[in-house]
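The structure appears below as structure tokens.
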Amino acid sequence: MFLWTTSAFSLVIIVIQTAHGGNVLVFPHDGSHWVNMVVLVEELHSRGHNVTVIRPLDSWYIDVTSPYYNTITVDMEGGGNEEFFRQFVSKVIQIKLQQGSVWARLALDMELKDKFFELHRNVCEVVTYIFENKELMKSFRNTKYDVVLTDPANGGGVMLAYFLGLPLVFNARWTVHGEAHFAIAPSPLSYVPFPPGELTDQMTFSERVRNLIFYIMRMHLYKQTVGPHYSALCKRYFGPDVEYFTLFQAADLWLMRVDFVFEFPRPTMPNVVYVGGFQCKPAKPLPAHLKDFVHSSGDHGVILMSLGTLIGQLPDFLADEIAAAFATLPQKVIWRYKGHKPATLGNNTLLVKWMPQNDLLGHPKMKLFVSHGGTNGLYEAIYHGVPVVGIPVVFDQADNLAKMRAKGVAKVLDISELDRRIFWNAIQEVLNEPSYTMNMQRLSRLHRDQLIKPLDSALFWIEFVMRHKGAAHLRTESYQLPWYSYHSVDVMLFFLTIAFISLFIFAVVARECFRLCFKRKVKSD
């Protein structure tokens, strides 16, 4: 009887949760960004919400079918597929290997502009297709979605939320204009470094000059890259008075994939919720073949290397240099690599095409993580307390690793100067200098010591927006001010004008008084 009652009670609870479940429309950013988004999607499903994910025909990461979400596959190519990014990264590596640092930076910026100009054009074409599809738009309205959840690295979800008049929640670290804080929060360039400038919050005068110049140049680059596409889209569907980036700034809530054990302290806003590392979790047991390999390392332990999904392979000569350095180590090495088997590969190195990275990093025998500097991997390294040797290639990777270097937990190498000797020395430094491990374990303790887990916080605030039909009371309206009002330039000009008029009047009165006094003196004489 008790068992039946307990089962019935559980069933009632499930029914109640399902009855109160909302409808969530997700417009994700493909690639590694989906790795973060799908964690939220699965958790929303587990809480009884119905989740619908929009994906283009050539989606790279987003499966057509899933037990956690429904999909709407737009019959168009989004352009941000695997081949697009692999070609881009391959070109970036070539540029880094062939050119000096200054010219490489300029060449990289131009390559970035060209590729992302194409990407955002494709996103806008997908959005146009959605808007023009009457049946699809009718189904969106009939479903009565409660919220749009999107990654502002592209503007598709922003445009769709505005078109449907729905509350908007961001799963964000970047917007189409760069690092997300710069879109909504006060960001004094005197101590807030602009990514990817590889600076800290303690800048010298020359570094502050560099930070300002870098900010101006990059913001111009971002606007040139995305502005023409989203401005045309806004003008076509929303009218000439709607400025595309104000739609980003008007989002109800920003779930920021940031933790201040990783980032530098900076001003923020009430509608920003920090959920950095929400995808991290305790390690699970390893598959048998990896378990045996890891345990065979003895007291020396294991080194893990992964340069992310975009960098599955390297030029052969560079892979040979890395493999040669690994071969001389007493540690066992697990290397995620899809290229040709390096000629110098040692018996201590296991090449794999896929690996459970989080579970490996959480294993007690893990000594070091060789990483490209992607945020997902770095947060997992922080969570498990594993120091890093970084080899950045593209996007925010160099900036991420610069932060880790500033906190004393990473040694960073330039891929253009990498050889077996430099790589071996970097590994030895991190393995043998205790401060790297001690500092990383300290960051791990700080990151884990939170009142509410980041994932629970993220889900609470998404549901908060759904319950209250938005969160306008947390959103500043400063984004609607023109720049001269935001920076009080008009107020300063007003006071300067008053001061000038006052001085002018004083000068006129003083001159007249002096003239009258002079006249009286002449008459008396």
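Ligands are numbered from 1 in the order shown, chains are lettered A, B, ... in the order of the structure tokens, and residues start at 1 in each chain.
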Surrounding residues of A:Leu307 excluding itself and chain neighbours under 5 positions, 9 Å, only C-alpha atoms, as a PyMOL selection string: chain A and resi 312-313+336-337+370-374+391-393
Would you mind exporting the chosen residues as a JSON list (two decimals), in the first residue's frame, restricted to N, CA, C and O atoms?
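Result went into out31.json, see below:
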```json
[["chain", "number", "residue", "atom", "x", "y", "z"],
["A", 312, "GLY", "N", 41.44, 19.39, -35.46],
["A", 312, "GLY", "CA", 41.59, 17.95, -35.35],
["A", 312, "GLY", "C", 42.94, 17.46, -35.83],
["A", 312, "GLY", "O", 43.38, 16.38, -35.47],
["A", 313, "GLN", "N", 43.62, 18.27, -36.68],
["A", 313, "GLN", "CA", 44.93, 17.89, -37.16],
["A", 313, "GLN", "C", 45.78, 19.12, -37.38],
["A", 313, "GLN", "O", 45.28, 20.24, -37.46],
["A", 336, "ARG", "N", 44.05, 13.70, -28.44],
["A", 336, "ARG", "CA", 42.93, 13.70, -29.38],
["A", 336, "ARG", "C", 43.43, 14.27, -30.70],
["A", 336, "ARG", "O", 43.72, 15.46, -30.81],
["A", 337, "TYR", "N", 43.53, 13.39, -31.70],
["A", 337, "TYR", "CA", 44.12, 13.81, -32.97],
["A", 337, "TYR", "C", 43.53, 13.00, -34.11],
["A", 337, "TYR", "O", 43.42, 11.77, -34.03],
["A", 370, "VAL", "N", 47.19, 19.87, -22.09],
["A", 370, "VAL", "CA", 47.68, 20.67, -23.22],
["A", 370, "VAL", "C", 46.46, 21.07, -24.02],
["A", 370, "VAL", "O", 45.77, 20.22, -24.60],
["A", 371, "SER", "N", 46.19, 22.38, -24.08],
["A", 371, "SER", "CA", 44.92, 22.86, -24.63],
["A", 371, "SER", "C", 45.12, 24.01, -25.58],
["A", 371, "SER", "O", 46.10, 24.77, -25.49],
["A", 372, "HIS", "N", 44.16, 24.18, -26.50],
["A", 372, "HIS", "CA", 44.15, 25.32, -27.41],
["A", 372, "HIS", "C", 43.59, 26.57, -26.74],
["A", 372, "HIS", "O", 43.70, 27.66, -27.28],
["A", 373, "GLY", "N", 42.95, 26.41, -25.58],
["A", 373, "GLY", "CA", 42.43, 27.58, -24.86],
["A", 373, "GLY", "C", 40.96, 27.85, -25.05],
["A", 373, "GLY", "O", 40.49, 28.96, -24.78],
["A", 374, "GLY", "N", 40.20, 26.85, -25.50],
["A", 374, "GLY", "CA", 38.75, 27.02, -25.57],
["A", 374, "GLY", "C", 38.16, 27.13, -24.17],
["A", 374, "GLY", "O", 38.64, 26.50, -23.23],
["A", 391, "ILE", "N", 48.33, 26.24, -26.33],
["A", 391, "ILE", "CA", 48.77, 26.51, -27.70],
["A", 391, "ILE", "C", 47.59, 27.16, -28.42],
["A", 391, "ILE", "O", 46.83, 26.49, -29.12],
["A", 392, "PRO", "N", 47.42, 28.47, -28.28],
["A", 392, "PRO", "CA", 46.27, 29.13, -28.90],
["A", 392, "PRO", "C", 46.42, 29.23, -30.41],
["A", 392, "PRO", "O", 47.54, 29.35, -30.93],
["A", 393, "VAL", "N", 45.29, 29.19, -31.12],
["A", 393, "VAL", "CA", 45.32, 29.28, -32.57],
["A", 393, "VAL", "C", 44.45, 30.41, -33.08],
["A", 393, "VAL", "O", 44.88, 31.24, -33.88]]
```
With 9 Å as the cut-off and only C-alpha atoms counted, what is the closest atom pair between each nearby residue of stretch 276-321 of chain A and stretch 255-258 of chain A? Distances in Å to one decimal, ordered by chain and number, as JSON lines.
```
{"residue": "A:Gly276", "atom": "CA", "partner": "A:Val258", "partner_atom": "CA", "distance": 3.9}
{"residue": "A:Gly277", "atom": "CA", "partner": "A:Arg257", "partner_atom": "CA", "distance": 6.9}
{"residue": "A:Phe278", "atom": "CA", "partner": "A:Arg257", "partner_atom": "CA", "distance": 7.8}
```
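The interatomic distance for the pair atom CA of A:Val64 and atom CA of A:Ser32 works out to 16.9 Å.
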Interface rows for stretch 67-95 of chain A against stretch 41-44 of chain A: nearest pair, Å to one decimal, 12 Å, only C-alpha atoms, as a tab-separated table:
```
residue	atom	partner	partner_atom	distance
A:Pro67	CA	A:Glu42	CA	8.9
A:Tyr68	CA	A:Glu42	CA	5.5
A:Tyr69	CA	A:Val41	CA	7.2
A:Asn70	CA	A:Val41	CA	10.5
A:Thr71	CA	A:Val41	CA	11.9
```
Keeping N, CA and C atoms, export the residues of the selection given above as a PDB file, in the first residue's frame.
```pdb
ATOM      1  N   PRO A  67      15.872  12.954 -27.783  1.00  0.00           N
ATOM      2  CA  PRO A  67      14.834  12.749 -26.772  1.00  0.00           C
ATOM      3  C   PRO A  67      14.583  13.985 -25.925  1.00  0.00           C
ATOM      4  N   TYR A  68      15.450  15.007 -26.057  1.00  0.00           N
ATOM      5  CA  TYR A  68      15.357  16.172 -25.191  1.00  0.00           C
ATOM      6  C   TYR A  68      14.694  17.385 -25.851  1.00  0.00           C
ATOM      7  N   TYR A  69      14.612  17.387 -27.166  1.00  0.00           N
ATOM      8  CA  TYR A  69      14.064  18.559 -27.839  1.00  0.00           C
ATOM      9  C   TYR A  69      13.489  18.173 -29.197  1.00  0.00           C
ATOM     10  N   ASN A  70      12.574  19.009 -29.661  1.00  0.00           N
ATOM     11  CA  ASN A  70      12.083  18.901 -31.029  1.00  0.00           C
ATOM     12  C   ASN A  70      12.929  19.813 -31.913  1.00  0.00           C
ATOM     13  N   THR A  71      13.004  19.511 -33.176  1.00  0.00           N
ATOM     14  CA  THR A  71      13.776  20.367 -34.072  1.00  0.00           C
ATOM     15  C   THR A  71      12.903  20.914 -35.190  1.00  0.00           C
TER      16      THR A  71
END
```
Residue contacts of A:Lys338 (9 Å, only C-alpha atoms) excluding same-chain residues fewer than 6 positions away, as a list in words: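 Close residues of A:Lys338: Ile311, Gly312, Gln313, Leu314, Leu351, Val352, Lys353 and Trp354 of chain A.
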Under the rule of at most 6 Å, produce a per-residue listing of stretch 415-487 of chain A near stretch 317-332 of chain A: chain, number, name, the closest pair of atoms, and the distance in Å, as a Markdown table, using only C-alpha atoms.
```
| residue | atom | partner | partner_atom | distance |
| --- | --- | --- | --- | --- |
| A:Asp419 | CA | A:Glu321 | CA | 5.4 |
| A:Arg420 | CA | A:Glu321 | CA | 4.7 |
| A:Trp424 | CA | A:Ala325 | CA | 5.3 |
```
Residues from the last selection, N, CA, C and O atoms, saved as a compact mmCIF listing (two decimals), in the first residue's frame:
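Output saved as again07.txt:
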```
# COMPACT_ATOMS: atom_id res chain seq x y z
N ASP A 419 58.52 24.02 -31.36
CA ASP A 419 59.29 22.86 -31.77
C ASP A 419 59.41 21.92 -30.57
O ASP A 419 58.91 22.22 -29.48
N ARG A 420 60.06 20.77 -30.76
CA ARG A 420 60.07 19.76 -29.69
C ARG A 420 60.77 20.25 -28.43
O ARG A 420 60.37 19.91 -27.31
N TRP A 424 58.81 20.64 -24.97
CA TRP A 424 59.27 19.81 -23.85
C TRP A 424 59.59 20.66 -22.64
O TRP A 424 59.23 20.31 -21.51
```
Those in stretch 105-251 of chain A with strand (DSSP E or B) from DSSP, as a compact mmCIF listing (two decimals) with all heavy atoms, in the first residue's frame:
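Final file, result-v9.txt:
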```txt
# COMPACT_ATOMS: atom_id res chain seq x y z
N VAL A 147 9.43 31.99 -24.20
CA VAL A 147 10.72 32.68 -24.21
C VAL A 147 11.54 32.19 -25.40
O VAL A 147 11.34 31.07 -25.88
CB VAL A 147 11.48 32.41 -22.89
CG1 VAL A 147 11.91 30.94 -22.77
CG2 VAL A 147 12.68 33.33 -22.71
N VAL A 148 12.42 33.05 -25.87
CA VAL A 148 13.43 32.66 -26.85
C VAL A 148 14.78 32.60 -26.14
O VAL A 148 15.19 33.58 -25.50
CB VAL A 148 13.50 33.63 -28.04
CG1 VAL A 148 14.71 33.32 -28.94
CG2 VAL A 148 12.22 33.59 -28.86
N LEU A 149 15.43 31.46 -26.22
CA LEU A 149 16.77 31.28 -25.66
C LEU A 149 17.75 31.21 -26.82
O LEU A 149 17.59 30.38 -27.73
CB LEU A 149 16.82 29.98 -24.84
CG LEU A 149 18.18 29.55 -24.28
CD1 LEU A 149 18.72 30.58 -23.29
CD2 LEU A 149 18.07 28.19 -23.61
N THR A 150 18.75 32.07 -26.82
CA THR A 150 19.66 32.12 -27.97
C THR A 150 21.07 32.49 -27.52
O THR A 150 21.28 32.97 -26.39
CB THR A 150 19.16 33.13 -29.01
OG1 THR A 150 19.93 33.01 -30.21
CG2 THR A 150 19.27 34.56 -28.51
N LEU A 168 13.44 37.57 -24.17
CA LEU A 168 14.69 37.11 -24.77
C LEU A 168 15.72 36.84 -23.69
O LEU A 168 16.02 37.71 -22.86
CB LEU A 168 15.20 38.17 -25.74
CG LEU A 168 16.51 37.89 -26.49
CD1 LEU A 168 16.40 36.64 -27.36
CD2 LEU A 168 16.90 39.10 -27.34
N VAL A 169 16.27 35.62 -23.69
CA VAL A 169 17.33 35.23 -22.74
C VAL A 169 18.55 34.83 -23.55
O VAL A 169 18.45 34.05 -24.51
CB VAL A 169 16.88 34.06 -21.85
CG1 VAL A 169 18.04 33.56 -20.99
CG2 VAL A 169 15.72 34.50 -20.94
N PHE A 170 19.71 35.35 -23.14
CA PHE A 170 20.97 35.03 -23.81
C PHE A 170 21.76 34.00 -23.01
O PHE A 170 21.89 34.12 -21.79
CB PHE A 170 21.84 36.27 -23.96
CG PHE A 170 21.42 37.22 -25.05
CD1 PHE A 170 21.74 38.57 -24.97
CD2 PHE A 170 20.73 36.77 -26.16
CE1 PHE A 170 21.38 39.45 -25.98
CE2 PHE A 170 20.36 37.64 -27.17
CZ PHE A 170 20.68 38.98 -27.08
N ASN A 171 22.30 33.01 -23.71
CA ASN A 171 23.37 32.16 -23.18
C ASN A 171 24.63 32.70 -23.83
O ASN A 171 24.93 32.38 -24.98
CB ASN A 171 23.10 30.70 -23.56
CG ASN A 171 24.25 29.78 -23.21
OD1 ASN A 171 25.11 30.12 -22.41
ND2 ASN A 171 24.28 28.62 -23.84
N ALA A 172 25.37 33.54 -23.13
CA ALA A 172 26.31 34.43 -23.81
C ALA A 172 27.71 34.43 -23.21
O ALA A 172 27.90 34.26 -22.01
CB ALA A 172 25.77 35.86 -23.77
N TRP A 174 29.85 36.02 -26.00
CA TRP A 174 30.15 36.93 -27.09
C TRP A 174 28.85 37.38 -27.73
O TRP A 174 27.85 36.66 -27.71
CB TRP A 174 31.01 36.24 -28.16
CG TRP A 174 32.30 35.74 -27.61
CD1 TRP A 174 32.55 34.49 -27.14
CD2 TRP A 174 33.50 36.49 -27.42
NE1 TRP A 174 33.84 34.41 -26.68
CE2 TRP A 174 34.44 35.63 -26.84
CE3 TRP A 174 33.86 37.81 -27.70
CZ2 TRP A 174 35.74 36.03 -26.52
CZ3 TRP A 174 35.14 38.22 -27.39
CH2 TRP A 174 36.07 37.34 -26.81
N THR A 175 28.87 38.58 -28.29
CA THR A 175 27.81 39.03 -29.18
C THR A 175 28.44 39.22 -30.56
O THR A 175 29.64 38.99 -30.74
CB THR A 175 27.18 40.35 -28.72
OG1 THR A 175 28.11 41.42 -28.94
CG2 THR A 175 26.78 40.30 -27.25
N GLY A 178 31.53 41.38 -30.29
CA GLY A 178 32.63 41.03 -29.39
C GLY A 178 32.14 40.62 -28.01
O GLY A 178 31.01 40.19 -27.82
N GLU A 179 33.03 40.75 -27.01
CA GLU A 179 32.74 40.29 -25.65
C GLU A 179 31.46 40.92 -25.12
O GLU A 179 31.22 42.12 -25.27
CB GLU A 179 33.92 40.63 -24.74
CG GLU A 179 34.04 39.73 -23.52
CD GLU A 179 33.18 40.17 -22.35
OE1 GLU A 179 32.84 41.38 -22.30
OE2 GLU A 179 32.84 39.33 -21.50
```
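Atom CA of A:Tyr436 to atom CA of A:Val409 spans 4.6 Å [interatomic distance, one decimal].
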Residues within 12 Å of A:Pro196, only C-alpha atoms, excluding chain neighbours under 5 positions, as a list in words: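 Listed by chain and then number, they are Arg105, Asp109, Trp174, Gly178, Glu179, Arg210, Asn211, Phe214, Tyr215, Met217, Arg218, Met219, Pro392, Val394, Phe395, Asp396, Gln397, Ala398, Asp399, Asn400, Leu401, Ala402 and Lys403 of chain A.
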Restricting the output to N, CA and C atoms, write the selected residues as a short mmCIF file (atom, residue, chain, number, x, y, z; two decimals), in the first residue's frame.
```cif
data_model
loop_
_atom_site.label_atom_id
_atom_site.label_comp_id
_atom_site.auth_asym_id
_atom_site.auth_seq_id
_atom_site.Cartn_x
_atom_site.Cartn_y
_atom_site.Cartn_z
N ARG A 105 48.75 39.49 -37.36
CA ARG A 105 47.55 40.02 -36.71
C ARG A 105 46.65 40.72 -37.73
N ASP A 109 42.95 39.45 -38.90
CA ASP A 109 41.76 40.31 -38.80
C ASP A 109 41.00 40.34 -40.13
N TRP A 174 29.85 36.02 -26.00
CA TRP A 174 30.15 36.93 -27.09
C TRP A 174 28.85 37.38 -27.73
N GLY A 178 31.53 41.38 -30.29
CA GLY A 178 32.63 41.03 -29.39
C GLY A 178 32.14 40.62 -28.01
N GLU A 179 33.03 40.75 -27.01
CA GLU A 179 32.74 40.29 -25.65
C GLU A 179 31.46 40.92 -25.12
N ARG A 210 47.27 50.92 -25.93
CA ARG A 210 47.03 49.77 -26.81
C ARG A 210 45.59 49.26 -26.67
N ASN A 211 45.09 49.23 -25.43
CA ASN A 211 43.73 48.75 -25.17
C ASN A 211 42.70 49.63 -25.87
N PHE A 214 43.03 49.18 -29.69
CA PHE A 214 42.50 47.87 -30.05
C PHE A 214 40.98 47.87 -30.00
N TYR A 215 40.41 48.54 -29.01
CA TYR A 215 38.95 48.64 -28.88
C TYR A 215 38.34 49.35 -30.10
N MET A 217 39.63 49.83 -33.10
CA MET A 217 39.83 49.08 -34.35
C MET A 217 38.90 47.87 -34.42
N ARG A 218 38.81 47.12 -33.33
CA ARG A 218 38.00 45.91 -33.33
C ARG A 218 36.51 46.23 -33.44
N MET A 219 36.04 47.25 -32.74
CA MET A 219 34.63 47.61 -32.82
C MET A 219 34.27 48.04 -34.24
N PRO A 392 47.42 28.47 -28.28
CA PRO A 392 46.27 29.13 -28.90
C PRO A 392 46.42 29.23 -30.41
N VAL A 394 43.19 30.51 -32.62
CA VAL A 394 42.24 31.42 -33.24
C VAL A 394 41.19 31.87 -32.24
N PHE A 395 40.39 32.87 -32.63
CA PHE A 395 39.28 33.41 -31.84
C PHE A 395 39.79 33.93 -30.49
N ASP A 396 39.11 33.55 -29.41
CA ASP A 396 39.43 34.09 -28.09
C ASP A 396 40.47 33.25 -27.35
N GLN A 397 41.06 32.27 -28.01
CA GLN A 397 41.91 31.31 -27.32
C GLN A 397 43.13 31.96 -26.67
N ALA A 398 43.82 32.84 -27.40
CA ALA A 398 45.01 33.50 -26.84
C ALA A 398 44.64 34.36 -25.65
N ASP A 399 43.49 35.03 -25.72
CA ASP A 399 43.06 35.88 -24.61
C ASP A 399 42.69 35.04 -23.39
N ASN A 400 42.00 33.93 -23.62
CA ASN A 400 41.66 33.04 -22.52
C ASN A 400 42.91 32.54 -21.81
N LEU A 401 43.90 32.12 -22.59
CA LEU A 401 45.13 31.60 -22.00
C LEU A 401 45.95 32.69 -21.35
N ALA A 402 45.84 33.93 -21.86
CA ALA A 402 46.54 35.04 -21.20
C ALA A 402 45.99 35.26 -19.79
N LYS A 403 44.68 35.09 -19.62
CA LYS A 403 44.08 35.18 -18.29
C LYS A 403 44.62 34.08 -17.37
#
```
Per residue of stretch 232-348 of chain A within 12 Å of stretch 131-138 of chain A, record the nearest atom pair and its distance in Å to one decimal, counting only C-alpha atoms, with rows in chain order and ascending residue number, as CSV.
```
residue,atom,partner,partner_atom,distance
A:Leu233,CA,A:Phe131,CA,10.4
A:Cys234,CA,A:Phe131,CA,11.8
A:Arg236,CA,A:Phe131,CA,10.8
A:Tyr237,CA,A:Phe131,CA,8.7
A:Phe238,CA,A:Phe131,CA,11.6
```
Atomic distance atom CA of A:Tyr162 - atom CA of A:Asp146, expressed in Å with one decimal: 13.0 Å
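Residue nearest A:His487 within the list A:Val386, A:Val272, A:Ala507, A:Pro188: A:Pro188 [criterion: smallest interatomic distance, only C-alpha atoms].
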Contact residues around stretch 442-454 of chain A with only C-alpha atoms at 8 Å, ignoring same-chain residues under 4 positions, as number ranges by chain: A: 259, 261, 274-278, 382-385, 438, 458
For the selection just defined, write its residues with all heavy atoms to a file, as an mmCIF file, in the first residue's frame.
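Result file is out24.cif:
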```cif
data_model
loop_
_atom_site.group_PDB
_atom_site.id
_atom_site.type_symbol
_atom_site.label_atom_id
_atom_site.label_comp_id
_atom_site.auth_asym_id
_atom_site.auth_seq_id
_atom_site.Cartn_x
_atom_site.Cartn_y
_atom_site.Cartn_z
ATOM 1 N N ASP A 259 33.059 33.176 -14.948
ATOM 2 C CA ASP A 259 33.293 33.059 -13.518
ATOM 3 C C ASP A 259 34.499 33.945 -13.206
ATOM 4 O O ASP A 259 35.487 33.916 -13.949
ATOM 5 C CB ASP A 259 33.569 31.602 -13.143
ATOM 6 C CG ASP A 259 33.643 31.392 -11.634
ATOM 7 O OD1 ASP A 259 34.329 32.182 -10.962
ATOM 8 O OD2 ASP A 259 33.022 30.436 -11.138
ATOM 9 N N VAL A 261 36.772 33.680 -11.122
ATOM 10 C CA VAL A 261 38.062 33.036 -10.890
ATOM 11 C C VAL A 261 38.844 32.972 -12.202
ATOM 12 O O VAL A 261 40.057 32.762 -12.214
ATOM 13 C CB VAL A 261 37.920 31.618 -10.303
ATOM 14 C CG1 VAL A 261 37.136 31.634 -9.018
ATOM 15 C CG2 VAL A 261 37.294 30.654 -11.297
ATOM 16 N N TYR A 274 25.821 35.168 -13.646
ATOM 17 C CA TYR A 274 27.084 34.510 -13.968
ATOM 18 C C TYR A 274 26.974 32.997 -13.764
ATOM 19 O O TYR A 274 26.686 32.530 -12.666
ATOM 20 C CB TYR A 274 28.215 35.101 -13.130
ATOM 21 C CG TYR A 274 28.489 36.523 -13.548
ATOM 22 C CD1 TYR A 274 27.929 37.596 -12.862
ATOM 23 C CD2 TYR A 274 29.250 36.788 -14.676
ATOM 24 C CE1 TYR A 274 28.144 38.902 -13.275
ATOM 25 C CE2 TYR A 274 29.480 38.089 -15.097
ATOM 26 C CZ TYR A 274 28.916 39.149 -14.400
ATOM 27 O OH TYR A 274 29.124 40.424 -14.816
ATOM 28 N N VAL A 275 27.191 32.260 -14.855
ATOM 29 C CA VAL A 275 27.019 30.804 -14.839
ATOM 30 C C VAL A 275 28.243 30.109 -15.436
ATOM 31 O O VAL A 275 28.134 29.005 -15.969
ATOM 32 C CB VAL A 275 25.728 30.392 -15.590
ATOM 33 C CG1 VAL A 275 24.499 30.925 -14.889
ATOM 34 C CG2 VAL A 275 25.761 30.872 -17.049
ATOM 35 N N GLY A 276 29.400 30.732 -15.342
ATOM 36 C CA GLY A 276 30.617 30.149 -15.906
ATOM 37 C C GLY A 276 30.888 28.763 -15.357
ATOM 38 O O GLY A 276 30.831 28.541 -14.147
ATOM 39 N N GLY A 277 31.181 27.829 -16.248
ATOM 40 C CA GLY A 277 31.475 26.466 -15.844
ATOM 41 C C GLY A 277 30.256 25.620 -15.551
ATOM 42 O O GLY A 277 30.381 24.542 -14.960
ATOM 43 N N PHE A 278 29.060 26.073 -15.984
ATOM 44 C CA PHE A 278 27.853 25.313 -15.647
ATOM 45 C C PHE A 278 27.841 23.932 -16.301
ATOM 46 O O PHE A 278 27.112 23.037 -15.881
ATOM 47 C CB PHE A 278 26.578 26.084 -16.016
ATOM 48 C CG PHE A 278 26.308 26.232 -17.487
ATOM 49 C CD1 PHE A 278 25.745 25.210 -18.223
ATOM 50 C CD2 PHE A 278 26.594 27.430 -18.138
ATOM 51 C CE1 PHE A 278 25.484 25.359 -19.582
ATOM 52 C CE2 PHE A 278 26.341 27.587 -19.496
ATOM 53 C CZ PHE A 278 25.786 26.541 -20.221
ATOM 54 N N ILE A 382 39.849 24.059 -14.712
ATOM 55 C CA ILE A 382 39.704 24.767 -13.434
ATOM 56 C C ILE A 382 38.904 23.918 -12.453
ATOM 57 O O ILE A 382 39.285 23.755 -11.285
ATOM 58 C CB ILE A 382 39.025 26.133 -13.641
ATOM 59 C CG1 ILE A 382 39.946 27.089 -14.406
ATOM 60 C CG2 ILE A 382 38.621 26.750 -12.307
ATOM 61 C CD1 ILE A 382 39.277 28.376 -14.840
ATOM 62 N N TYR A 383 37.790 23.386 -12.917
ATOM 63 C CA TYR A 383 36.909 22.586 -12.059
ATOM 64 C C TYR A 383 37.664 21.419 -11.424
ATOM 65 O O TYR A 383 37.514 21.129 -10.231
ATOM 66 C CB TYR A 383 35.730 22.075 -12.884
ATOM 67 C CG TYR A 383 34.702 21.286 -12.106
ATOM 68 C CD1 TYR A 383 33.675 21.934 -11.411
ATOM 69 C CD2 TYR A 383 34.742 19.895 -12.079
ATOM 70 C CE1 TYR A 383 32.727 21.213 -10.703
ATOM 71 C CE2 TYR A 383 33.794 19.170 -11.373
ATOM 72 C CZ TYR A 383 32.790 19.833 -10.689
ATOM 73 O OH TYR A 383 31.859 19.112 -9.981
ATOM 74 N N HIS A 384 38.530 20.768 -12.217
ATOM 75 C CA HIS A 384 39.246 19.590 -11.727
ATOM 76 C C HIS A 384 40.653 19.910 -11.218
ATOM 77 O O HIS A 384 41.357 19.010 -10.753
ATOM 78 C CB HIS A 384 39.326 18.533 -12.829
ATOM 79 C CG HIS A 384 37.995 17.976 -13.211
ATOM 80 N ND1 HIS A 384 37.214 17.231 -12.361
ATOM 81 C CD2 HIS A 384 37.281 18.062 -14.362
ATOM 82 C CE1 HIS A 384 36.096 16.870 -12.957
ATOM 83 N NE2 HIS A 384 36.106 17.372 -14.172
ATOM 84 N N GLY A 385 41.084 21.176 -11.311
ATOM 85 C CA GLY A 385 42.364 21.579 -10.748
ATOM 86 C C GLY A 385 43.579 21.086 -11.503
ATOM 87 O O GLY A 385 44.601 20.743 -10.897
ATOM 88 N N MET A 438 49.373 24.275 -7.521
ATOM 89 C CA MET A 438 48.805 24.891 -6.314
ATOM 90 C C MET A 438 47.839 26.016 -6.678
ATOM 91 O O MET A 438 46.741 26.129 -6.116
ATOM 92 C CB MET A 438 49.929 25.404 -5.415
ATOM 93 C CG MET A 438 50.764 24.304 -4.779
ATOM 94 S SD MET A 438 52.233 24.958 -3.937
ATOM 95 C CE MET A 438 51.467 26.024 -2.709
ATOM 96 N N ALA A 458 21.192 29.163 -13.626
ATOM 97 C CA ALA A 458 20.773 29.434 -15.004
ATOM 98 C C ALA A 458 19.326 29.022 -15.224
ATOM 99 O O ALA A 458 18.525 29.779 -15.800
ATOM 100 C CB ALA A 458 21.691 28.699 -15.980
#
```
Contact residues around stretch 282-299 of chain A with only C-alpha atoms at 10 Å, ignoring same-chain residues under 6 positions, as an NGL selection string: :A and (330-334 or 348-350 or 352 or 355-366 or 380 or 383-384)
Which residue of A:Gly21, A:Pro482, A:Pro387, A:Gly31 approaches A:Ala153 most closely, using only C-alpha atoms: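 Ranked by minimum distance to A:Ala153, first place goes to A:Gly31.
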Proximity to A:Val430 - best of A:Ile303, A:Ala161, A:Met492, A:Tyr61, only C-alpha atoms: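 Of A:Ile303, A:Ala161, A:Met492, A:Tyr61, the one nearest A:Val430 is A:Ile303, counting only C-alpha atoms.
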